[in-house]
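Raw contents of coords.txt, compact mmCIF, C-alpha atoms and all ligand atoms:
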```txt
# COMPACT_ATOMS: atom_id res chain seq x y z
CA MET F 1 -97.89 70.92 91.04
CA LEU F 2 -96.04 68.53 88.77
CA LYS F 3 -98.29 66.78 86.26
CA THR F 4 -97.50 64.26 83.59
CA PRO F 5 -96.77 64.43 80.70
CA LEU F 6 -93.97 66.54 82.01
CA ILE F 7 -90.92 68.39 80.76
CA ILE F 8 -88.36 69.47 83.35
CA VAL F 9 -85.69 71.90 82.30
CA ASN F 10 -82.66 71.72 84.57
CA LEU F 11 -80.97 75.13 84.60
CA LYS F 12 -77.87 73.57 86.21
CA THR F 13 -75.33 76.33 86.84
CA TYR F 14 -75.32 77.60 83.28
CA GLU F 15 -74.57 81.26 82.77
CA LYS F 16 -78.02 81.78 81.27
CA GLY F 17 -79.63 79.69 84.02
CA PHE F 18 -79.58 81.92 87.09
CA GLY F 19 -80.71 85.40 88.16
CA ASN F 20 -82.50 87.52 85.55
CA LEU F 21 -81.60 85.38 82.54
CA GLY F 22 -82.78 82.25 84.33
CA LEU F 23 -86.01 84.02 85.16
CA ALA F 24 -86.51 85.03 81.51
CA LEU F 25 -86.08 81.37 80.60
CA CYS F 26 -88.71 80.37 83.18
CA LYS F 27 -91.04 82.97 81.68
CA ASP F 28 -90.55 81.34 78.25
CA MET F 29 -91.39 77.98 79.85
CA GLU F 30 -94.48 79.52 81.42
CA SER F 31 -95.80 80.83 78.13
CA VAL F 32 -95.17 77.58 76.25
CA ALA F 33 -96.79 75.64 79.11
CA GLN F 34 -99.83 77.92 78.94
CA GLU F 35 -100.12 77.67 75.16
CA SER F 36 -99.62 73.89 75.00
CA GLY F 37 -101.19 72.71 78.23
CA VAL F 38 -98.05 70.63 78.92
CA CYS F 39 -96.55 70.87 82.40
CA ILE F 40 -93.08 72.43 82.10
CA ALA F 41 -91.07 72.70 85.32
CA ALA F 42 -87.69 74.23 86.08
CA ALA F 43 -85.00 72.78 88.37
CA VAL F 44 -83.13 75.84 89.54
CA ASN F 45 -80.33 77.03 91.78
CA THR F 46 -81.43 77.06 95.41
CA VAL F 47 -80.95 80.81 95.74
CA ASP F 48 -83.35 81.42 92.83
CA ILE F 49 -86.21 79.23 94.07
CA PHE F 50 -88.02 81.98 95.93
CA ALA F 51 -87.83 84.65 93.20
CA TYR F 52 -88.78 82.30 90.39
CA SER F 53 -91.68 80.74 92.23
CA GLN F 54 -93.03 84.19 93.07
CA ALA F 55 -92.67 85.51 89.53
CA THR F 56 -93.93 82.54 87.49
CA ASN F 57 -96.64 79.95 87.73
CA ILE F 58 -94.57 76.98 86.55
CA PRO F 59 -93.50 74.37 89.10
CA ILE F 60 -90.07 75.26 90.47
CA MET F 61 -87.82 72.51 91.82
CA ALA F 62 -84.57 72.28 93.68
CA GLN F 63 -81.61 70.60 92.02
CA HIS F 64 -80.55 69.04 95.32
CA ILE F 65 -81.50 69.07 98.99
CA ASP F 66 -79.70 67.69 102.03
CA PRO F 67 -81.41 65.09 104.24
CA ILE F 68 -80.85 67.05 107.41
CA ASN F 69 -83.27 68.11 110.13
CA PHE F 70 -83.62 71.46 111.86
CA GLY F 71 -80.49 72.24 113.82
CA ALA F 72 -76.84 73.03 113.38
CA HIS F 73 -76.06 72.16 109.74
CA THR F 74 -74.38 75.23 108.30
CA GLY F 75 -74.29 75.36 104.52
CA HIS F 76 -76.85 72.62 103.96
CA SER F 77 -80.14 72.90 102.08
CA LEU F 78 -82.95 72.23 104.53
CA PRO F 79 -85.96 70.52 102.88
CA GLU F 80 -88.46 72.70 104.79
CA ALA F 81 -86.63 75.86 103.71
CA VAL F 82 -86.71 74.77 100.08
CA LEU F 83 -90.44 74.07 100.34
CA ASN F 84 -91.02 77.37 102.09
CA ALA F 85 -89.16 79.19 99.31
CA GLY F 86 -91.69 77.81 96.82
CA ALA F 87 -90.19 74.58 95.46
CA VAL F 88 -92.59 71.72 94.76
CA GLY F 89 -89.94 69.05 94.60
CA THR F 90 -86.30 68.20 94.14
CA LEU F 91 -83.94 66.26 91.95
CA ILE F 92 -81.99 63.67 93.90
CA ASN F 93 -78.65 62.15 92.93
CA HIS F 94 -78.24 63.97 89.63
CA ALA F 95 -75.18 62.68 87.73
CA GLU F 96 -73.50 65.99 88.60
CA ARG F 97 -74.52 65.82 92.29
CA GLN F 98 -74.27 62.18 93.23
CA ILE F 99 -74.92 60.82 96.71
CA ASP F 100 -74.71 57.31 98.15
CA GLU F 101 -77.70 55.01 98.58
CA GLU F 102 -78.05 55.74 102.28
CA LYS F 103 -78.32 59.46 101.57
CA ILE F 104 -80.72 58.84 98.69
CA SER F 105 -82.98 56.95 101.04
CA ALA F 106 -82.74 59.63 103.73
CA THR F 107 -83.40 62.39 101.18
CA ILE F 108 -86.51 60.63 99.87
CA SER F 109 -87.77 60.22 103.40
CA ARG F 110 -87.08 63.86 104.41
CA SER F 111 -88.72 65.05 101.17
CA ARG F 112 -91.80 63.06 102.03
CA ASP F 113 -91.88 64.70 105.50
CA SER F 114 -91.73 68.09 103.84
CA ASN F 115 -94.14 67.41 100.95
CA LEU F 116 -91.52 67.73 98.25
CA THR F 117 -91.93 65.56 95.15
CA THR F 118 -88.85 63.42 94.58
CA ILE F 119 -87.20 62.81 91.24
CA LEU F 120 -84.42 60.29 91.63
CA CYS F 121 -81.85 60.38 88.83
CA THR F 122 -80.24 57.07 87.93
CA ALA F 123 -77.43 56.19 85.55
CA ASP F 124 -78.15 52.56 84.75
CA ILE F 125 -80.63 49.72 85.24
CA ASP F 126 -79.07 48.38 88.44
CA LYS F 127 -79.25 51.80 90.09
CA THR F 128 -82.79 52.20 88.76
CA ILE F 129 -83.91 48.94 90.36
CA SER F 130 -82.30 49.69 93.73
CA GLY F 131 -83.59 53.28 93.55
CA ALA F 132 -87.17 52.27 92.72
CA LYS F 133 -87.25 50.15 95.88
CA LEU F 134 -86.68 53.32 97.90
CA GLY F 135 -90.02 54.68 96.67
CA PRO F 136 -89.30 57.99 94.90
CA ASP F 137 -92.20 59.69 93.11
CA MET F 138 -90.33 59.66 89.81
CA ILE F 139 -87.17 58.16 88.38
CA ALA F 140 -85.19 59.93 85.65
CA ILE F 141 -82.86 57.62 83.76
CA GLU F 142 -79.91 59.53 82.35
CA PRO F 143 -76.88 57.70 80.95
CA PRO F 144 -74.05 60.02 82.07
CA GLU F 145 -72.02 59.60 78.89
CA LEU F 146 -74.86 61.15 76.84
CA ILE F 147 -75.47 64.16 79.11
CA GLY F 148 -74.75 67.44 77.35
CA GLY F 149 -74.22 65.69 74.01
CA ASP F 150 -76.05 65.86 70.70
CA ILE F 151 -77.34 62.31 70.53
CA SER F 152 -80.35 61.70 72.72
CA VAL F 153 -80.81 58.77 75.05
CA SER F 154 -83.91 57.81 73.03
CA THR F 155 -81.77 57.43 69.89
CA ALA F 156 -78.49 56.14 71.34
CA ASN F 157 -79.90 53.81 73.98
CA PRO F 158 -83.65 53.19 73.57
CA GLU F 159 -83.25 49.85 75.39
CA ILE F 160 -82.31 51.56 78.64
CA ILE F 161 -85.60 53.48 78.52
CA SER F 162 -87.82 50.50 77.80
CA GLU F 163 -86.01 48.40 80.37
CA THR F 164 -86.40 51.17 82.96
CA VAL F 165 -90.13 51.34 82.24
CA SER F 166 -90.58 47.60 82.58
CA LYS F 167 -88.31 47.01 85.61
CA VAL F 168 -89.82 49.90 87.57
CA SER F 169 -93.36 48.73 86.83
CA GLU F 170 -92.45 45.34 88.38
CA ILE F 171 -91.55 47.19 91.59
CA SER F 172 -94.29 49.83 91.68
CA ASN F 173 -97.00 51.24 89.46
CA ASN F 174 -96.84 54.57 91.23
CA ILE F 175 -93.41 55.71 90.09
CA LYS F 176 -93.40 57.94 87.00
CA ILE F 177 -90.56 57.53 84.54
CA LEU F 178 -88.59 60.34 82.96
CA CYS F 179 -85.54 60.12 80.76
CA GLY F 180 -82.89 62.58 79.79
CA ALA F 181 -79.47 63.18 78.24
CA GLY F 182 -78.92 64.75 74.86
CA VAL F 183 -82.63 65.46 74.28
CA LYS F 184 -82.89 68.43 71.93
CA THR F 185 -85.61 67.82 69.31
CA ARG F 186 -89.26 66.94 68.90
CA ASP F 187 -88.19 63.60 67.50
CA ASP F 188 -86.05 62.83 70.57
CA VAL F 189 -89.09 63.52 72.75
CA SER F 190 -91.56 61.52 70.69
CA LYS F 191 -89.24 58.49 70.58
CA ALA F 192 -88.94 58.60 74.38
CA PHE F 193 -92.72 58.78 74.85
CA GLU F 194 -93.20 55.90 72.42
CA LEU F 195 -90.89 53.90 74.69
CA GLY F 196 -93.23 54.57 77.61
CA VAL F 197 -91.87 57.54 79.57
CA ASP F 198 -94.09 60.04 81.38
CA GLY F 199 -91.70 62.92 80.92
CA ILE F 200 -88.35 64.34 79.91
CA LEU F 201 -85.55 65.88 81.96
CA LEU F 202 -83.27 68.07 79.86
CA ALA F 203 -80.92 71.00 80.08
CA SER F 204 -78.50 72.12 77.36
CA GLY F 205 -80.97 71.80 74.46
CA VAL F 206 -83.07 74.56 76.04
CA VAL F 207 -80.76 76.53 78.32
CA LEU F 208 -77.95 76.96 75.79
CA SER F 209 -80.27 77.65 72.86
CA ASP F 210 -80.45 81.13 71.31
CA ASN F 211 -84.19 80.65 71.00
CA PRO F 212 -85.36 78.55 73.96
CA ARG F 213 -88.99 79.36 73.35
CA LYS F 214 -88.88 77.95 69.84
CA ILE F 215 -87.15 74.79 71.10
CA LEU F 216 -89.71 74.37 73.88
CA HIS F 217 -92.53 74.69 71.33
CA GLU F 218 -90.97 71.90 69.30
CA LEU F 219 -90.36 69.70 72.33
CA VAL F 220 -93.98 69.80 73.51
CA LEU F 221 -95.11 68.76 70.02
CA GLY F 222 -93.14 65.53 70.54
CA ILE F 223 -95.38 64.47 73.39
CA VAL F 224 -97.63 61.71 72.09
O1 LIG F 301 -80.66 67.08 84.14
C1 LIG F 301 -80.70 67.03 82.76
C2 LIG F 301 -79.48 66.50 82.19
O2 LIG F 301 -78.46 66.05 82.94
C3 LIG F 301 -79.44 66.26 80.76
O3 LIG F 301 -78.67 67.30 80.28
O4 LIG F 301 -77.82 68.81 78.59
O5 LIG F 301 -78.05 66.38 78.09
O6 LIG F 301 -80.09 67.80 78.30
P1 LIG F 301 -78.68 67.57 78.73
```
What is this structure when it is put down as structure tokens?
Amino acid sequence: MLKTPLIIVNLKTYEKGFGNLGLALCKDMESVAQESGVCIAAAVNTVDIFAYSQATNIPIMAQHIDPINFGAHTGHSLPEAVLNAGAVGTLINHAERQIDEEKISATISRSRDSNLTTILCTADIDKTISGAKLGPDMIAIEPPELIGGDISVSTANPEIISETVSKVSEISNNIKILCGAGVKTRDDVSKAFELGVDGILLASGVVLSDNPRKILHELVLGIV
């Protein structure tokens, strides 16, 4: 189960983010989650969902699903299959896996049918507003130009976080807000929480680190 405050580590397709190394990373997340009491989830490659969800007790998520139904859809990711493999939810429309609004809507609806928690990624305020109206469980605001960089969204563009928090609350009080892009330190996390987020979505700061466990320890201390 995903709980807030929440940290989601997106393993993307990094070399250290799949197979045995990805599992070791999830084990680090598990121990920091246990020690800190903070919910730490991993968004993983579809083929790793089953193994990671069997071997750890952190929430495992898909990075993408396809809004298809049972039938002849070779090569697609079926929401029910992702759930059955052990995922609790899915990212939707990540900056590196964008889909149009019609597909976003269909994916949210199919996720609901299959009991998958939806985290809709948005790049700007306009997309956040239109996305919030589609009723995802969470919205993760991530300015694409800051993704993978060294300056966090909470430092480079705090306004986009506070505006996301306020605009989404005008549409619904049930949508949790995450932010991401360039988040790497305790300070980056605490600034984001001060701006009103419920969680953080990050990748390179943890996955590419030589000591992910140490970084995770620092990140959870930023949660205020
Ligand atoms: O999904 C998380 C993401 O796109 C942010 O990546 O490397 O800037 O933490 P990163």
Checklist entry - Which protein, DNA or RNA residues have an atom within 8 Å of ligand LIG 301 (chain F), counting only C-alpha atoms and all ligand atoms, as a PyMOL selection string? => result chain F and resi 9-10+12+94-96+142+144+146-150+152+180-184+201-206
Checklist entry - Which one of F:Val168, F:Gly89, F:Lys103, F:Leu23 sits closest to F:Ile125 if you count all atoms listed in the file? => result F:Val168
Contacts of F:Asn45 at 12 Å (all atoms listed in the file; same-chain gap of 3+ positions) as a PDB file with C-alpha atoms, in the frame of the given file:
```pdb
ATOM      1  CA  ASN F  10     -82.660  71.720  84.570  1.00  0.00           C
ATOM      2  CA  LEU F  11     -80.970  75.130  84.600  1.00  0.00           C
ATOM      3  CA  LYS F  12     -77.870  73.570  86.210  1.00  0.00           C
ATOM      4  CA  THR F  13     -75.330  76.330  86.840  1.00  0.00           C
ATOM      5  CA  TYR F  14     -75.320  77.600  83.280  1.00  0.00           C
ATOM      6  CA  GLU F  15     -74.570  81.260  82.770  1.00  0.00           C
ATOM      7  CA  LYS F  16     -78.020  81.780  81.270  1.00  0.00           C
ATOM      8  CA  GLY F  17     -79.630  79.690  84.020  1.00  0.00           C
ATOM      9  CA  PHE F  18     -79.580  81.920  87.090  1.00  0.00           C
ATOM     10  CA  GLY F  19     -80.710  85.400  88.160  1.00  0.00           C
ATOM     11  CA  GLY F  22     -82.780  82.250  84.330  1.00  0.00           C
ATOM     12  CA  LEU F  23     -86.010  84.020  85.160  1.00  0.00           C
ATOM     13  CA  ALA F  42     -87.690  74.230  86.080  1.00  0.00           C
ATOM     14  CA  ASP F  48     -83.350  81.420  92.830  1.00  0.00           C
ATOM     15  CA  ILE F  49     -86.210  79.230  94.070  1.00  0.00           C
ATOM     16  CA  PHE F  50     -88.020  81.980  95.930  1.00  0.00           C
ATOM     17  CA  ALA F  51     -87.830  84.650  93.200  1.00  0.00           C
ATOM     18  CA  TYR F  52     -88.780  82.300  90.390  1.00  0.00           C
ATOM     19  CA  SER F  53     -91.680  80.740  92.230  1.00  0.00           C
ATOM     20  CA  ILE F  60     -90.070  75.260  90.470  1.00  0.00           C
ATOM     21  CA  MET F  61     -87.820  72.510  91.820  1.00  0.00           C
ATOM     22  CA  ALA F  62     -84.570  72.280  93.680  1.00  0.00           C
ATOM     23  CA  GLN F  63     -81.610  70.600  92.020  1.00  0.00           C
ATOM     24  CA  HIS F  64     -80.550  69.040  95.320  1.00  0.00           C
ATOM     25  CA  ILE F  65     -81.500  69.070  98.990  1.00  0.00           C
ATOM     26  CA  SER F  77     -80.140  72.900 102.080  1.00  0.00           C
ATOM     27  CA  VAL F  82     -86.710  74.770 100.080  1.00  0.00           C
ATOM     28  CA  ALA F  85     -89.160  79.190  99.310  1.00  0.00           C
ATOM     29  CA  ALA F  87     -90.190  74.580  95.460  1.00  0.00           C
ATOM     30  CA  THR F  90     -86.300  68.200  94.140  1.00  0.00           C
ATOM     31  CA  LEU F  91     -83.940  66.260  91.950  1.00  0.00           C
TER      32      LEU F  91
END
```
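Restricting the calculation to all atoms listed in the file, the smallest distance between F:Gly222 and any of F:Gln34, F:Met29, F:Leu6, F:Ile58 is found for F:Leu6.
Between atom CA of F:Ile160 and atom CA of F:Asp124 the interatomic distance comes to 7.5 Å.
Considering the residues F:Ala43, F:Cys179, F:Pro79, F:Val165 and counting all atoms listed in the file, F:Ala123 has its shortest atom-to-atom contact with F:Cys179.
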Checklist entry - Using only C-alpha atoms, what residues lie at most 10 Å away from (-88.8, 63.6, 70.7) (file coordinates), given as a list in words? => result Ser152, Ser154, Thr155, Val183, Lys184, Thr185, Arg186, Asp187, Asp188, Val189, Ser190, Lys191, Ala192, Phe193, Glu194, Ile200, Glu218, Leu219, Val220, Leu221, Gly222, Ile223 and Val224 of chain F
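The coordinates place atom CA of F:Asp126 at 18.2 Å from atom CA of F:Asn173.
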Checklist entry - Which residues, written as number ranges by chain, have at least one atom at most 7 Å from F:Leu116, with only C-alpha atoms counted and residues fewer than 2 positions away on the same chain left out? => result F: 83, 88-90, 111-112, 114, 118
Keeping C-alpha atoms for every residue in the selection just given, could you write it to a file as a PDB file, in the coordinates of the input?
```
ATOM      1  CA  LEU F  83     -90.440  74.070 100.340  1.00  0.00           C
ATOM      2  CA  VAL F  88     -92.590  71.720  94.760  1.00  0.00           C
ATOM      3  CA  GLY F  89     -89.940  69.050  94.600  1.00  0.00           C
ATOM      4  CA  THR F  90     -86.300  68.200  94.140  1.00  0.00           C
ATOM      5  CA  SER F 111     -88.720  65.050 101.170  1.00  0.00           C
ATOM      6  CA  ARG F 112     -91.800  63.060 102.030  1.00  0.00           C
ATOM      7  CA  SER F 114     -91.730  68.090 103.840  1.00  0.00           C
ATOM      8  CA  THR F 118     -88.850  63.420  94.580  1.00  0.00           C
TER       9      THR F 118
END
```
Checklist entry - Of the candidates F:Leu195, F:Val47, F:Arg213, F:Glu170, which one gets nearest to F:Glu30 if we count all atoms listed in the file? => result F:Arg213
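Taking all atoms listed in the file into account, F:Val197 lies nearest to F:Ile139 out of the set F:Ile171, F:Ile68, F:Ile139, F:Ala106.
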If we count only C-alpha atoms and set the cut-off at 9 Å, which residues sit around F:Leu134, ignoring sequence neighbours fewer than 5 positions away in its own chain? Please answer as a PDB file with C-alpha atoms, in the coordinates of the input.
```
ATOM      1  CA  ILE F 104     -80.720  58.840  98.690  1.00  0.00           C
ATOM      2  CA  SER F 105     -82.980  56.950 101.040  1.00  0.00           C
ATOM      3  CA  ILE F 108     -86.510  60.630  99.870  1.00  0.00           C
ATOM      4  CA  SER F 109     -87.770  60.220 103.400  1.00  0.00           C
TER       5      SER F 109
END
```
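Nearest to F:Pro5 of all the residues F:Ser31, F:Gln98, F:Ala41, F:Asp113 is F:Ala41, counting only C-alpha atoms.
The space between atom CA of F:Pro136 and atom CA of F:Ile119 spans 6.4 Å.
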How would stretch 128-162 of chain F of the given structure read as a file with N, CA and C atoms, as a PDB file, in the first residue's frame?
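Written out: decode.pdb:
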```pdb
ATOM      1  N   THR F 128      -1.280  19.979 -15.406  1.00  0.00           N
ATOM      2  CA  THR F 128      -1.695  19.571 -14.061  1.00  0.00           C
ATOM      3  C   THR F 128      -3.200  19.792 -13.873  1.00  0.00           C
ATOM      4  N   ILE F 129      -3.670  20.955 -14.321  1.00  0.00           N
ATOM      5  CA  ILE F 129      -5.093  21.270 -14.152  1.00  0.00           C
ATOM      6  C   ILE F 129      -5.954  20.308 -14.982  1.00  0.00           C
ATOM      7  N   SER F 130      -5.557  20.111 -16.255  1.00  0.00           N
ATOM      8  CA  SER F 130      -6.387  19.204 -17.069  1.00  0.00           C
ATOM      9  C   SER F 130      -6.286  17.778 -16.527  1.00  0.00           C
ATOM     10  N   GLY F 131      -5.095  17.407 -16.041  1.00  0.00           N
ATOM     11  CA  GLY F 131      -4.908  16.053 -15.497  1.00  0.00           C
ATOM     12  C   GLY F 131      -5.696  15.831 -14.221  1.00  0.00           C
ATOM     13  N   ALA F 132      -5.737  16.836 -13.351  1.00  0.00           N
ATOM     14  CA  ALA F 132      -6.445  16.682 -12.067  1.00  0.00           C
ATOM     15  C   ALA F 132      -7.926  16.415 -12.315  1.00  0.00           C
ATOM     16  N   LYS F 133      -8.455  17.019 -13.392  1.00  0.00           N
ATOM     17  CA  LYS F 133      -9.880  16.820 -13.695  1.00  0.00           C
ATOM     18  C   LYS F 133     -10.183  15.381 -14.092  1.00  0.00           C
ATOM     19  N   LEU F 134      -9.157  14.625 -14.441  1.00  0.00           N
ATOM     20  CA  LEU F 134      -9.369  13.220 -14.822  1.00  0.00           C
ATOM     21  C   LEU F 134      -9.388  12.298 -13.593  1.00  0.00           C
ATOM     22  N   GLY F 135      -9.088  12.868 -12.420  1.00  0.00           N
ATOM     23  CA  GLY F 135      -9.246  12.117 -11.180  1.00  0.00           C
ATOM     24  C   GLY F 135      -8.184  11.064 -10.867  1.00  0.00           C
ATOM     25  N   PRO F 136      -6.906  11.355 -11.082  1.00  0.00           N
ATOM     26  CA  PRO F 136      -5.890  10.386 -10.644  1.00  0.00           C
ATOM     27  C   PRO F 136      -5.801  10.382  -9.115  1.00  0.00           C
ATOM     28  N   ASP F 137      -5.161   9.370  -8.549  1.00  0.00           N
ATOM     29  CA  ASP F 137      -4.979   9.362  -7.094  1.00  0.00           C
ATOM     30  C   ASP F 137      -3.906  10.361  -6.669  1.00  0.00           C
ATOM     31  N   MET F 138      -2.901  10.492  -7.491  1.00  0.00           N
ATOM     32  CA  MET F 138      -1.801  11.425  -7.181  1.00  0.00           C
ATOM     33  C   MET F 138      -1.340  12.096  -8.466  1.00  0.00           C
ATOM     34  N   ILE F 139      -0.791  13.300  -8.293  1.00  0.00           N
ATOM     35  CA  ILE F 139      -0.169  13.992  -9.434  1.00  0.00           C
ATOM     36  C   ILE F 139       1.273  14.265  -9.046  1.00  0.00           C
ATOM     37  N   ALA F 140       2.192  13.976  -9.958  1.00  0.00           N
ATOM     38  CA  ALA F 140       3.611  14.272  -9.715  1.00  0.00           C
ATOM     39  C   ALA F 140       4.046  15.336 -10.711  1.00  0.00           C
ATOM     40  N   ILE F 141       4.314  16.522 -10.205  1.00  0.00           N
ATOM     41  CA  ILE F 141       4.765  17.603 -11.096  1.00  0.00           C
ATOM     42  C   ILE F 141       6.285  17.495 -11.269  1.00  0.00           C
ATOM     43  N   GLU F 142       6.687  17.421 -12.541  1.00  0.00           N
ATOM     44  CA  GLU F 142       8.117  17.259 -12.838  1.00  0.00           C
ATOM     45  C   GLU F 142       8.482  18.105 -14.061  1.00  0.00           C
ATOM     46  N   PRO F 143       9.055  19.293 -13.856  1.00  0.00           N
ATOM     47  CA  PRO F 143       9.487  20.062 -15.023  1.00  0.00           C
ATOM     48  C   PRO F 143      10.560  19.282 -15.795  1.00  0.00           C
ATOM     49  N   PRO F 144      10.297  18.954 -17.061  1.00  0.00           N
ATOM     50  CA  PRO F 144      11.190  18.044 -17.788  1.00  0.00           C
ATOM     51  C   PRO F 144      12.628  18.540 -17.873  1.00  0.00           C
ATOM     52  N   GLU F 145      12.793  19.878 -17.954  1.00  0.00           N
ATOM     53  CA  GLU F 145      14.150  20.404 -18.122  1.00  0.00           C
ATOM     54  C   GLU F 145      15.018  20.182 -16.884  1.00  0.00           C
ATOM     55  N   LEU F 146      14.391  19.852 -15.742  1.00  0.00           N
ATOM     56  CA  LEU F 146      15.179  19.651 -14.511  1.00  0.00           C
ATOM     57  C   LEU F 146      15.418  18.160 -14.219  1.00  0.00           C
ATOM     58  N   ILE F 147      14.776  17.296 -14.996  1.00  0.00           N
ATOM     59  CA  ILE F 147      14.900  15.854 -14.740  1.00  0.00           C
ATOM     60  C   ILE F 147      16.329  15.400 -15.014  1.00  0.00           C
ATOM     61  N   GLY F 148      16.890  14.671 -14.048  1.00  0.00           N
ATOM     62  CA  GLY F 148      18.246  14.140 -14.210  1.00  0.00           C
ATOM     63  C   GLY F 148      19.334  15.150 -13.904  1.00  0.00           C
ATOM     64  N   GLY F 149      18.938  16.386 -13.557  1.00  0.00           N
ATOM     65  CA  GLY F 149      19.935  17.426 -13.289  1.00  0.00           C
ATOM     66  C   GLY F 149      20.306  17.500 -11.819  1.00  0.00           C
ATOM     67  N   ASP F 150      21.099  18.528 -11.493  1.00  0.00           N
ATOM     68  CA  ASP F 150      21.584  18.659 -10.113  1.00  0.00           C
ATOM     69  C   ASP F 150      20.865  19.740  -9.327  1.00  0.00           C
ATOM     70  N   ILE F 151      19.970  20.459 -10.000  1.00  0.00           N
ATOM     71  CA  ILE F 151      19.218  21.491  -9.261  1.00  0.00           C
ATOM     72  C   ILE F 151      17.784  21.010  -9.145  1.00  0.00           C
ATOM     73  N   SER F 152      17.305  20.946  -7.904  1.00  0.00           N
ATOM     74  CA  SER F 152      15.989  20.327  -7.712  1.00  0.00           C
ATOM     75  C   SER F 152      14.871  21.294  -8.077  1.00  0.00           C
ATOM     76  N   VAL F 153      13.721  20.708  -8.400  1.00  0.00           N
ATOM     77  CA  VAL F 153      12.535  21.500  -8.696  1.00  0.00           C
ATOM     78  C   VAL F 153      12.199  22.419  -7.524  1.00  0.00           C
ATOM     79  N   SER F 154      12.458  21.968  -6.287  1.00  0.00           N
ATOM     80  CA  SER F 154      12.089  22.781  -5.125  1.00  0.00           C
ATOM     81  C   SER F 154      12.999  24.003  -4.968  1.00  0.00           C
ATOM     82  N   THR F 155      14.185  23.952  -5.586  1.00  0.00           N
ATOM     83  CA  THR F 155      15.084  25.111  -5.565  1.00  0.00           C
ATOM     84  C   THR F 155      14.894  25.956  -6.822  1.00  0.00           C
ATOM     85  N   ALA F 156      14.851  25.286  -7.983  1.00  0.00           N
ATOM     86  CA  ALA F 156      14.814  26.026  -9.250  1.00  0.00           C
ATOM     87  C   ALA F 156      13.441  26.610  -9.547  1.00  0.00           C
ATOM     88  N   ASN F 157      12.388  25.920  -9.121  1.00  0.00           N
ATOM     89  CA  ASN F 157      11.046  26.373  -9.494  1.00  0.00           C
ATOM     90  C   ASN F 157      10.032  26.082  -8.375  1.00  0.00           C
ATOM     91  N   PRO F 158      10.258  26.695  -7.187  1.00  0.00           N
ATOM     92  CA  PRO F 158       9.335  26.423  -6.072  1.00  0.00           C
ATOM     93  C   PRO F 158       7.895  26.825  -6.406  1.00  0.00           C
ATOM     94  N   GLU F 159       7.769  27.858  -7.277  1.00  0.00           N
ATOM     95  CA  GLU F 159       6.416  28.356  -7.610  1.00  0.00           C
ATOM     96  C   GLU F 159       5.571  27.264  -8.264  1.00  0.00           C
ATOM     97  N   ILE F 160       6.219  26.427  -9.089  1.00  0.00           N
ATOM     98  CA  ILE F 160       5.420  25.417  -9.792  1.00  0.00           C
ATOM     99  C   ILE F 160       4.858  24.402  -8.786  1.00  0.00           C
ATOM    100  N   ILE F 161       5.570  24.211  -7.687  1.00  0.00           N
ATOM    101  CA  ILE F 161       5.080  23.275  -6.659  1.00  0.00           C
ATOM    102  C   ILE F 161       3.910  23.913  -5.902  1.00  0.00           C
ATOM    103  N   SER F 162       4.108  25.157  -5.442  1.00  0.00           N
ATOM    104  CA  SER F 162       3.009  25.747  -4.666  1.00  0.00           C
ATOM    105  C   SER F 162       1.772  25.961  -5.524  1.00  0.00           C
TER     106      SER F 162
END
```
